[in-house]
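Text of entry-v8.cif (mmCIF, C-alpha atoms) as supplied:
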```cif
data_structure
#
loop_
_atom_site.label_atom_id
_atom_site.label_comp_id
_atom_site.auth_asym_id
_atom_site.auth_seq_id
_atom_site.Cartn_x
_atom_site.Cartn_y
_atom_site.Cartn_z
CA MET C 1 163.63 57.36 80.36
CA ILE C 2 161.95 57.77 76.97
CA LEU C 3 160.56 60.60 74.93
CA MET C 4 157.37 59.98 72.97
CA PRO C 5 156.88 61.95 69.73
CA VAL C 6 153.62 63.90 70.16
CA SER C 7 152.15 67.10 68.85
CA GLY C 8 154.00 69.96 70.48
CA ARG C 9 156.97 69.81 72.81
CA ALA C 10 157.11 66.97 75.33
CA GLN C 11 158.91 66.57 78.61
CA THR C 12 159.35 63.23 80.33
CA VAL C 13 159.66 61.76 83.80
CA SER C 14 160.54 58.16 84.62
CA MET C 15 158.38 56.12 86.96
CA PRO C 16 160.26 54.12 89.59
CA GLU C 17 161.71 50.78 88.57
CA GLY C 18 159.11 48.04 88.86
CA GLU C 19 156.07 50.18 88.07
CA GLY C 20 156.67 49.88 84.35
CA GLY C 21 156.17 52.86 82.07
CA VAL C 22 156.49 56.60 82.22
CA LEU C 23 154.34 59.67 82.74
CA PHE C 24 155.00 62.63 80.49
CA THR C 25 153.43 65.89 79.37
CA SER C 26 153.09 67.73 76.08
CA GLN C 27 152.93 71.52 75.96
CA LYS C 28 150.49 71.30 73.06
CA GLY C 29 148.34 68.41 71.90
CA GLY C 30 145.38 66.90 73.68
CA SER C 31 141.72 67.37 72.83
CA GLN C 32 142.02 71.18 72.96
CA GLY C 33 145.61 71.60 71.77
CA ALA C 34 146.49 73.13 75.14
CA GLY C 35 148.62 70.33 76.57
CA VAL C 36 148.05 66.81 77.81
CA ILE C 37 149.37 64.39 80.44
CA TYR C 38 150.04 60.86 79.18
CA ARG C 39 151.03 57.52 80.60
CA ARG C 40 152.95 55.01 78.54
CA ALA C 41 152.71 51.54 80.11
CA ALA C 42 155.47 48.96 79.95
CA ASP C 43 153.60 47.10 77.18
CA GLY C 44 153.59 50.22 75.00
CA THR C 45 149.98 51.26 75.65
CA VAL C 46 149.60 55.06 75.76
CA THR C 47 146.76 56.54 77.83
CA ALA C 48 145.79 60.21 78.05
CA LEU C 49 145.31 60.93 81.75
CA HIS C 50 144.17 64.53 81.38
CA SER C 51 143.81 67.07 78.56
CA LEU C 52 144.08 70.71 79.56
CA ASP C 53 141.13 72.70 78.25
CA GLY C 54 142.95 75.90 77.27
CA SER C 55 140.35 78.01 79.05
CA THR C 56 141.43 77.33 82.64
CA ALA C 57 145.01 76.04 82.12
CA SER C 58 147.46 75.35 79.29
CA GLU C 59 151.10 74.54 78.46
CA PRO C 60 152.61 72.26 81.13
CA ALA C 61 156.01 73.56 82.28
CA GLY C 62 158.96 71.24 82.87
CA SER C 63 158.70 67.55 83.75
CA LEU C 64 156.45 65.89 86.30
CA VAL C 65 158.05 65.06 89.66
CA ARG C 66 157.08 62.15 91.90
CA GLU C 67 156.39 62.02 95.61
CA SER C 68 156.39 58.84 97.69
CA GLY C 69 153.07 57.09 97.21
CA GLY C 70 152.91 57.41 93.42
CA VAL C 71 151.55 60.94 93.10
CA TYR C 72 153.13 63.28 90.55
CA TYR C 73 153.26 67.08 90.56
CA GLY C 74 153.59 69.72 87.89
CA ALA C 75 152.72 73.24 86.82
CA THR C 76 151.29 74.97 83.78
CA ALA C 77 152.73 78.16 82.35
CA ASN C 78 149.26 79.59 81.71
CA GLY C 79 146.16 79.87 83.85
CA THR C 80 142.74 81.23 82.91
CA ARG C 81 142.33 82.40 79.32
CA ILE C 82 141.03 85.98 79.28
CA VAL C 83 139.44 87.41 76.13
CA THR C 84 139.01 91.18 75.95
CA GLU C 85 137.22 92.98 73.12
CA SER C 86 137.44 96.68 72.33
CA THR C 87 136.18 98.88 69.51
CA SER C 88 138.16 101.72 67.97
CA SER C 89 137.23 103.65 64.80
CA GLY C 90 134.63 101.03 64.04
CA PHE C 91 137.05 98.12 64.25
CA LEU C 92 136.71 95.33 66.80
CA THR C 93 139.96 94.24 68.45
CA THR C 94 140.19 91.01 70.42
CA THR C 95 143.01 90.58 72.94
CA ILE C 96 143.80 87.24 74.59
CA THR C 97 145.82 87.09 77.82
CA TYR C 98 146.37 84.36 80.38
CA GLY C 99 146.45 84.02 84.14
CA PRO C 100 149.75 83.31 85.91
CA GLY C 101 149.60 79.46 85.92
CA VAL C 102 148.33 76.43 87.83
CA LEU C 103 149.98 73.92 90.19
CA PHE C 104 148.53 70.40 89.98
CA SER C 105 148.88 66.77 91.01
CA VAL C 106 148.15 63.60 89.03
CA SER C 107 148.56 59.85 89.52
CA PRO C 108 148.99 57.19 86.80
CA GLU C 109 145.22 56.68 86.45
CA PRO C 110 142.69 58.68 84.38
CA GLY C 111 140.57 61.12 86.40
CA SER C 112 143.27 61.73 89.01
CA TYR C 113 144.19 65.28 87.91
CA ARG C 114 143.68 67.81 90.74
CA GLU C 115 144.42 71.52 90.93
CA LEU C 116 146.49 72.49 93.96
CA ARG C 117 146.55 76.24 93.40
CA ARG C 118 145.73 78.87 90.80
CA LEU C 119 148.54 81.39 90.97
CA VAL C 120 147.91 85.14 91.13
CA GLU C 121 150.28 87.95 90.16
CA ALA C 122 151.75 88.23 93.66
CA ASP C 123 152.52 84.47 93.70
CA GLY C 124 154.50 84.60 90.47
CA VAL C 125 153.70 84.42 86.76
CA ARG C 126 154.42 81.53 84.36
CA PRO C 127 156.16 78.80 86.38
CA LEU C 128 159.15 77.31 84.59
CA GLY C 129 161.21 74.15 84.99
CA SER C 130 160.13 71.27 87.19
CA LEU C 131 158.95 71.53 90.77
CA LEU C 132 161.33 70.31 93.48
CA VAL C 133 159.97 67.81 96.04
CA LEU C 134 161.48 68.16 99.52
CA PRO C 135 160.65 66.42 102.82
CA GLN C 136 159.49 68.75 105.59
CA THR C 137 161.17 66.64 108.25
CA SER C 138 164.03 64.17 108.19
CA GLY C 139 163.18 60.70 106.91
CA THR C 140 161.10 59.51 104.00
CA LEU C 141 158.81 61.66 101.92
CA SER C 142 155.20 61.80 103.00
CA ASP C 143 151.97 63.59 102.16
CA GLY C 144 153.35 66.55 104.06
CA SER C 145 156.36 67.09 101.82
CA LEU C 146 157.06 70.46 100.23
CA LEU C 147 156.99 71.49 96.61
CA LEU C 148 159.29 74.34 95.63
CA GLY C 149 159.05 76.13 92.29
CA VAL C 150 160.17 79.15 90.30
CA ALA C 151 158.00 81.64 88.44
CA SER C 152 159.52 83.66 85.60
CA GLY C 153 157.70 86.91 86.42
CA GLY C 154 155.39 88.58 88.88
CA GLY C 155 155.91 88.75 92.62
CA ALA C 156 156.58 91.85 94.65
CA TYR C 157 158.96 93.43 92.10
CA GLY C 158 157.95 91.82 88.81
CA GLY C 159 161.16 89.81 88.46
CA GLY C 160 159.76 86.40 89.37
CA THR C 161 159.54 84.39 92.56
CA ILE C 162 160.50 81.25 94.42
CA PHE C 163 157.41 79.71 96.00
CA ARG C 164 156.53 76.79 98.23
CA ILE C 165 153.40 74.74 98.76
CA ARG C 166 152.59 71.53 100.58
CA SER C 167 151.88 68.57 98.36
CA ASP C 168 148.31 68.49 99.67
CA GLY C 169 147.76 72.00 98.26
CA THR C 170 147.95 73.91 101.54
CA ALA C 171 150.38 76.43 103.07
CA PHE C 172 151.38 78.26 99.87
CA SER C 173 153.83 81.12 100.32
CA VAL C 174 156.36 83.13 98.36
CA ILE C 175 159.78 82.66 99.93
CA HIS C 176 161.65 85.07 97.65
CA SER C 177 160.80 87.77 95.09
CA PHE C 178 163.55 88.60 92.60
CA PRO C 179 164.29 92.29 91.92
CA SER C 180 162.89 94.14 88.92
CA GLY C 181 164.76 93.26 85.72
CA SER C 182 165.51 89.69 86.79
CA VAL C 183 164.51 86.70 84.66
CA PRO C 184 164.81 83.26 86.31
CA SER C 185 166.24 80.60 84.03
CA GLY C 186 164.93 77.25 85.26
CA GLY C 187 163.90 75.05 88.15
CA LEU C 188 165.67 74.32 91.44
CA THR C 189 168.18 71.62 92.45
CA LEU C 190 168.95 70.28 95.95
CA SER C 191 172.57 69.40 96.71
CA GLY C 192 174.49 69.21 99.98
CA GLY C 193 171.94 71.00 102.15
CA TYR C 194 171.40 73.85 99.69
CA VAL C 195 168.83 74.54 96.98
CA TYR C 196 170.40 76.03 93.84
CA GLY C 197 168.99 77.94 90.89
CA THR C 198 169.94 80.43 88.19
CA LEU C 199 168.88 83.77 86.78
CA ARG C 200 169.05 84.25 83.03
CA THR C 201 169.00 88.01 83.46
CA GLY C 202 170.19 89.45 86.76
CA GLY C 203 173.27 89.43 88.95
CA ALA C 204 175.89 92.17 89.23
CA SER C 205 176.30 92.51 85.44
CA SER C 206 172.70 91.67 84.45
CA VAL C 207 173.79 88.67 82.33
CA GLY C 208 172.91 85.92 84.78
CA SER C 209 173.84 84.49 88.15
CA VAL C 210 173.77 81.38 90.33
CA PHE C 211 171.94 81.61 93.65
CA ARG C 212 171.25 79.29 96.57
CA PHE C 213 169.59 79.03 99.96
CA SER C 214 169.99 76.48 102.73
CA TYR C 215 167.35 73.83 103.38
CA SER C 216 166.92 71.49 106.33
CA ALA C 217 163.76 69.72 107.53
CA GLY C 218 161.39 72.35 106.17
CA THR C 219 163.49 75.38 107.19
CA MET C 220 164.92 77.59 104.43
CA GLY C 221 167.64 80.17 104.66
CA THR C 222 168.06 83.49 102.88
CA VAL C 223 168.66 83.52 99.12
CA GLU C 224 172.24 84.51 98.31
CA THR C 225 174.10 85.00 95.02
CA ILE C 226 177.21 82.83 94.81
CA HIS C 227 178.30 83.88 91.32
CA SER C 228 177.45 86.64 88.84
CA PHE C 229 178.44 86.10 85.22
CA THR C 230 180.04 88.83 83.08
CA ALA C 231 180.10 89.49 79.34
CA THR C 232 183.71 90.70 79.36
CA SER C 233 186.79 88.80 78.13
CA GLN C 234 184.65 86.28 76.23
CA GLY C 235 183.10 85.13 79.49
CA LEU C 236 180.28 82.61 79.34
CA ASN C 237 177.01 84.17 80.45
CA THR C 238 173.18 83.96 80.29
CA PRO C 239 172.26 80.56 81.84
CA VAL C 240 169.84 78.28 80.01
CA GLY C 241 167.74 76.20 82.41
CA GLY C 242 168.81 75.35 85.94
CA VAL C 243 171.89 73.58 87.28
CA VAL C 244 172.68 69.88 87.51
CA ALA C 245 174.54 68.59 90.59
CA ASP C 246 176.97 65.66 90.48
CA ALA C 247 177.81 63.20 93.27
CA SER C 248 180.71 65.40 94.44
CA GLY C 249 178.49 68.44 94.93
CA ASN C 250 179.73 70.27 91.85
CA LEU C 251 177.19 72.09 89.70
CA TRP C 252 177.03 72.05 85.90
CA LEU C 253 175.11 74.49 83.75
CA SER C 254 174.66 75.59 80.15
CA LEU C 255 175.00 79.20 79.06
CA GLU C 256 173.87 80.59 75.72
CA ALA C 257 176.15 83.59 75.26
CA GLY C 258 179.85 84.44 75.37
CA GLY C 259 182.76 82.06 75.29
CA VAL C 260 185.51 81.78 72.68
CA GLY C 261 183.02 80.72 70.01
CA GLY C 262 180.41 83.30 70.95
CA ASN C 263 177.63 80.73 71.26
CA GLY C 264 177.86 79.96 74.95
CA GLY C 265 178.85 76.60 76.36
CA VAL C 266 179.03 74.61 79.58
CA ALA C 267 180.54 75.63 82.93
CA LYS C 268 181.39 73.83 86.17
CA VAL C 269 180.52 75.57 89.44
CA VAL C 270 182.13 74.60 92.74
CA PRO C 271 179.91 76.09 95.47
CA PRO C 272 181.48 77.90 98.43
CA ALA C 273 181.81 75.96 101.66
CA THR C 274 180.29 78.69 103.83
CA VAL C 275 177.40 81.14 103.73
CA GLY C 276 178.40 84.38 102.05
CA GLY C 277 181.17 82.74 100.04
CA VAL C 278 181.83 82.94 96.31
CA ALA C 279 181.69 79.98 93.93
CA THR C 280 184.57 78.89 91.70
CA VAL C 281 183.39 78.77 88.09
CA THR C 282 185.36 77.03 85.32
CA PRO C 283 184.33 77.02 81.63
CA VAL C 284 184.63 73.48 80.29
CA LEU C 285 183.19 73.93 76.79
CA SER C 286 182.73 76.83 74.39
CA LEU C 287 180.46 76.31 71.40
CA THR C 288 180.92 77.81 67.95
CA SER C 289 178.29 78.49 65.30
CA THR C 290 178.90 74.97 63.96
CA TYR C 291 177.19 73.52 67.02
CA GLY C 292 174.78 76.32 67.84
CA LYS C 293 173.65 77.52 71.27
CA PRO C 294 172.69 75.28 74.20
CA ALA C 295 168.95 74.58 74.38
CA GLY C 296 168.78 73.45 78.00
CA PRO C 297 170.75 72.38 81.07
CA PRO C 298 173.43 69.66 80.86
CA SER C 299 172.57 66.03 81.51
CA ALA C 300 174.66 62.89 82.02
CA LEU C 301 174.33 59.16 82.40
CA LYS C 302 175.47 57.78 85.75
CA PRO C 303 178.59 55.59 85.87
CA THR C 304 177.99 52.36 87.75
CA ALA C 305 179.64 51.54 91.05
CA ARG C 306 179.92 47.76 90.57
CA GLY C 307 183.04 46.45 88.92
CA CYS C 308 183.38 49.39 86.54
CA SER C 309 185.23 52.65 86.51
CA SER C 310 183.21 55.37 88.22
CA SER C 311 185.20 58.33 86.86
CA PRO C 312 182.77 61.22 86.46
CA PRO C 313 182.05 62.68 83.03
CA VAL C 314 184.29 65.56 82.03
CA TRP C 315 181.17 67.20 80.64
CA ALA C 316 177.81 66.32 79.23
CA THR C 317 175.36 68.54 77.46
CA ALA C 318 171.87 68.01 76.18
CA VAL C 319 172.62 70.15 73.15
CA VAL C 320 174.96 67.78 71.35
CA HIS C 321 174.17 64.63 73.36
CA CYS C 322 177.79 63.81 73.98
CA CYS C 323 179.86 62.58 76.93
CA ALA C 324 183.60 62.15 77.34
CA PHE C 325 184.99 59.93 80.08
CA ARG C 326 188.46 59.75 81.58
CA ASN C 327 188.82 55.99 81.27
CA PRO C 328 189.34 54.90 77.64
CA GLY C 329 189.18 51.21 76.84
CA PRO C 330 186.62 48.56 75.95
CA PRO C 331 183.46 48.21 78.02
CA ARG C 332 183.72 45.84 80.96
CA SER C 333 181.18 43.36 82.18
CA CYS C 334 179.21 44.50 85.22
CA GLY C 335 175.72 43.21 85.92
CA ASP C 336 173.99 46.36 84.82
CA SER C 337 173.23 47.68 81.34
CA VAL C 338 176.64 48.00 79.67
CA ARG C 339 176.41 50.56 76.91
CA PRO C 340 179.25 52.15 74.99
CA TRP C 341 178.52 55.82 74.43
CA PRO C 342 178.18 56.32 70.66
CA ARG C 343 180.25 58.82 68.80
CA ARG C 344 177.43 61.16 67.84
CA CYS C 345 178.83 64.36 69.21
CA MET C 346 180.64 65.79 66.16
CA ILE C 347 183.51 66.82 68.39
CA PRO C 348 186.85 65.35 67.28
CA TRP C 349 187.75 63.57 70.49
CA GLU C 350 188.79 59.93 70.39
CA ARG C 351 186.02 57.44 71.01
CA ARG C 352 185.76 56.59 74.69
CA TRP C 353 183.78 53.99 76.59
CA ASN C 354 182.51 53.37 80.06
CA CYS C 355 180.28 50.94 81.90
CA LEU C 356 176.99 52.78 82.16
CA MET C 357 173.75 52.11 84.00
CA VAL C 358 170.81 53.90 82.45
CA PRO C 359 168.49 54.88 85.34
CA GLY C 360 164.78 54.82 84.65
CA SER C 361 165.06 52.61 81.55
CA VAL C 362 161.83 50.99 80.41
#
```
What would the structure in this file look like if it were written as structure tokens?
Amino acid sequence: MILMPVSGRAQTVSMPEGEGGVLFTSQKGGSQGAGVIYRRAADGTVTALHSLDGSTASEPAGSLVRESGGVYYGATANGTRIVTESTSSGFLTTTITYGPGVLFSVSPEPGSYRELRRLVEADGVRPLGSLLVLPQTSGTLSDGSLLLGVASGGGAYGGGTIFRIRSDGTAFSVIHSFPSGSVPSGGLTLSGGYVYGTLRTGGASSVGSVFRFSYSAGTMGTVETIHSFTATSQGLNTPVGGVVADASGNLWLSLEAGGVGGNGGVAKVVPPATVGGVATVTPVLSLTSTYGKPAGPPSALKPTARGCSSSPPVWATAVVHCCAFRNPGPPRSCGDSVRPWPRRCMIPWERRWNCLMVPGSV
């Protein structure tokens, strides 16, 4: 996976191995400065697939996600640009607002951009994070797969929504409206038969929570809160982005407030085994002002399974780009990309190594 420096903020998504290259979006840039979808080919050629016009859609949200067949899906934070003029005491005032957002599909060829749905207030306002692609039935993904997403506002109570739509643009529905005062924090993650997400503002103490609902072959259960964060006793709170699931079913997330250092940190969440249960949450890192606050959810490189230690990372966070592994020692030879993790993290732990495979490398 690579990140191309472009005007504005960019998010990336890797294309499957063998296709060569990546598709990525910029929140700004493009012919109208409203966002653009690019393709970078394996030979380094960069092609603009679609520039958002700013009048009907702008600011792509999250990364693109891929469905079987080579089609990618995404959302924009803004929909139609609305200009309102009013006169008061002889002065003309111009107000610019935006519609709730747009869901779209695109393939790696120019001219393939297609709107799936223009959201309205009841659907949810300003989608955030990446869409989640789920099969409707058991087996491989198909044109009938589902896209699930989160909107940061709107819905029945103004606190945001979880919505679903088929990848062909049909059968849109809101599956959950968050209560007034809630602020969703990021996209959704599927792990162990459940879809997980977070609220930045909400939960029992209004400083964030982790929620989930069951998913199987197109059927979704009721949204339930499995943990509410608190601001007492230096507790980590206020999630930043969604959660990341590891191979054991544990969840990892960044939080931007609380902790010993007062700047948030990273926590591990062990989901409950049954519906209605409560998660076990363990802080694994507290950040001080030296390192600043987390800017997004954690991320980690995958240990390989061939001839190398597969001990999971103790923690990994996108803020300081640092991983610590349980198996110190020199890198071993294994058939995949063997890369020692550099000591860039500014945290005074001894240098550690592991055999790593970098998925999605170009």
Could you check how far atom CA of C:Ser205 sits from atom CA of C:Val243, in Å to one decimal?
-> 19.5 Å
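In this model, the gap between atom CA of C:Gly158 and atom CA of C:Pro179 comes to 7.1 Å.
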Evaluating the PyMOL selection byres ((chain C and resi 169) around 12) on the displayed file yields which residues, as a VMD selection string?
-> chain C and resid 73 102 to 105 114 to 119 143 to 147 164 to 168 170 to 173
Chain and number of each residue from the PyMOL selection byres ((chain C and resi 62) around 8), as a VMD selection string | chain C and resid 11 60 to 61 63 to 64 74 to 75 128 to 131
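Against the coordinates shown, the PyMOL selection byres ((chain C and resi 244) around 9) returns Thr189, Gly242, Val243, Ala245, Asp246, Asn250, Leu251, Trp252, Leu253, Pro297, Pro298 and Ser299 of chain C.
Of the listed residues (C:Ser112, C:Thr290, C:Ser107, C:Gln136), C:Gln136 comes nearest to C:Tyr215; the distances count only C-alpha atoms.
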Residues within 6 Å of (182.3, 77.3, 86.3), counting only C-alpha atoms, listed as a PyMOL selection string = chain C and resi 267-269+281-283
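All protein, DNA and RNA residues at most 9 Å from (178.5, 87.1, 77.8) are Val207, Phe229, Thr230, Ala231, Thr232, Ser233, Gln234, Gly235, Leu236, Asn237, Thr238, Leu255, Glu256, Ala257, Gly258, Gly259, Gly262 and Gly264 of chain C, using all atoms listed in the file.
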Could you save those same residues with C-alpha atoms as an mmCIF file, in the coordinates of the input?
```
data_model
loop_
_atom_site.group_PDB
_atom_site.id
_atom_site.type_symbol
_atom_site.label_atom_id
_atom_site.label_comp_id
_atom_site.auth_asym_id
_atom_site.auth_seq_id
_atom_site.Cartn_x
_atom_site.Cartn_y
_atom_site.Cartn_z
ATOM 1 C CA VAL C 207 173.790 88.670 82.330
ATOM 2 C CA PHE C 229 178.440 86.100 85.220
ATOM 3 C CA THR C 230 180.040 88.830 83.080
ATOM 4 C CA ALA C 231 180.100 89.490 79.340
ATOM 5 C CA THR C 232 183.710 90.700 79.360
ATOM 6 C CA SER C 233 186.790 88.800 78.130
ATOM 7 C CA GLN C 234 184.650 86.280 76.230
ATOM 8 C CA GLY C 235 183.100 85.130 79.490
ATOM 9 C CA LEU C 236 180.280 82.610 79.340
ATOM 10 C CA ASN C 237 177.010 84.170 80.450
ATOM 11 C CA THR C 238 173.180 83.960 80.290
ATOM 12 C CA LEU C 255 175.000 79.200 79.060
ATOM 13 C CA GLU C 256 173.870 80.590 75.720
ATOM 14 C CA ALA C 257 176.150 83.590 75.260
ATOM 15 C CA GLY C 258 179.850 84.440 75.370
ATOM 16 C CA GLY C 259 182.760 82.060 75.290
ATOM 17 C CA GLY C 262 180.410 83.300 70.950
ATOM 18 C CA GLY C 264 177.860 79.960 74.950
#
```
Which value, in Å to one decimal, gives the distance between atom CA of C:Gly79 and atom CA of C:Gly54?
-> 8.3 Å
Contacts of C:Val36 at 9 Å (all atoms listed in the file; same-chain gap of 5+ positions) as a PDB file with C-alpha atoms, in the coordinates of the input:
```
ATOM      1  CA  PHE C  24     155.000  62.630  80.490  1.00  0.00           C
ATOM      2  CA  THR C  25     153.430  65.890  79.370  1.00  0.00           C
ATOM      3  CA  SER C  26     153.090  67.730  76.080  1.00  0.00           C
ATOM      4  CA  GLN C  27     152.930  71.520  75.960  1.00  0.00           C
ATOM      5  CA  LYS C  28     150.490  71.300  73.060  1.00  0.00           C
ATOM      6  CA  GLY C  29     148.340  68.410  71.900  1.00  0.00           C
ATOM      7  CA  GLY C  30     145.380  66.900  73.680  1.00  0.00           C
ATOM      8  CA  SER C  31     141.720  67.370  72.830  1.00  0.00           C
ATOM      9  CA  ALA C  48     145.790  60.210  78.050  1.00  0.00           C
ATOM     10  CA  LEU C  49     145.310  60.930  81.750  1.00  0.00           C
ATOM     11  CA  HIS C  50     144.170  64.530  81.380  1.00  0.00           C
ATOM     12  CA  SER C  51     143.810  67.070  78.560  1.00  0.00           C
ATOM     13  CA  LEU C  52     144.080  70.710  79.560  1.00  0.00           C
ATOM     14  CA  SER C  58     147.460  75.350  79.290  1.00  0.00           C
ATOM     15  CA  GLU C  59     151.100  74.540  78.460  1.00  0.00           C
ATOM     16  CA  PRO C  60     152.610  72.260  81.130  1.00  0.00           C
TER      17      PRO C  60
END
```
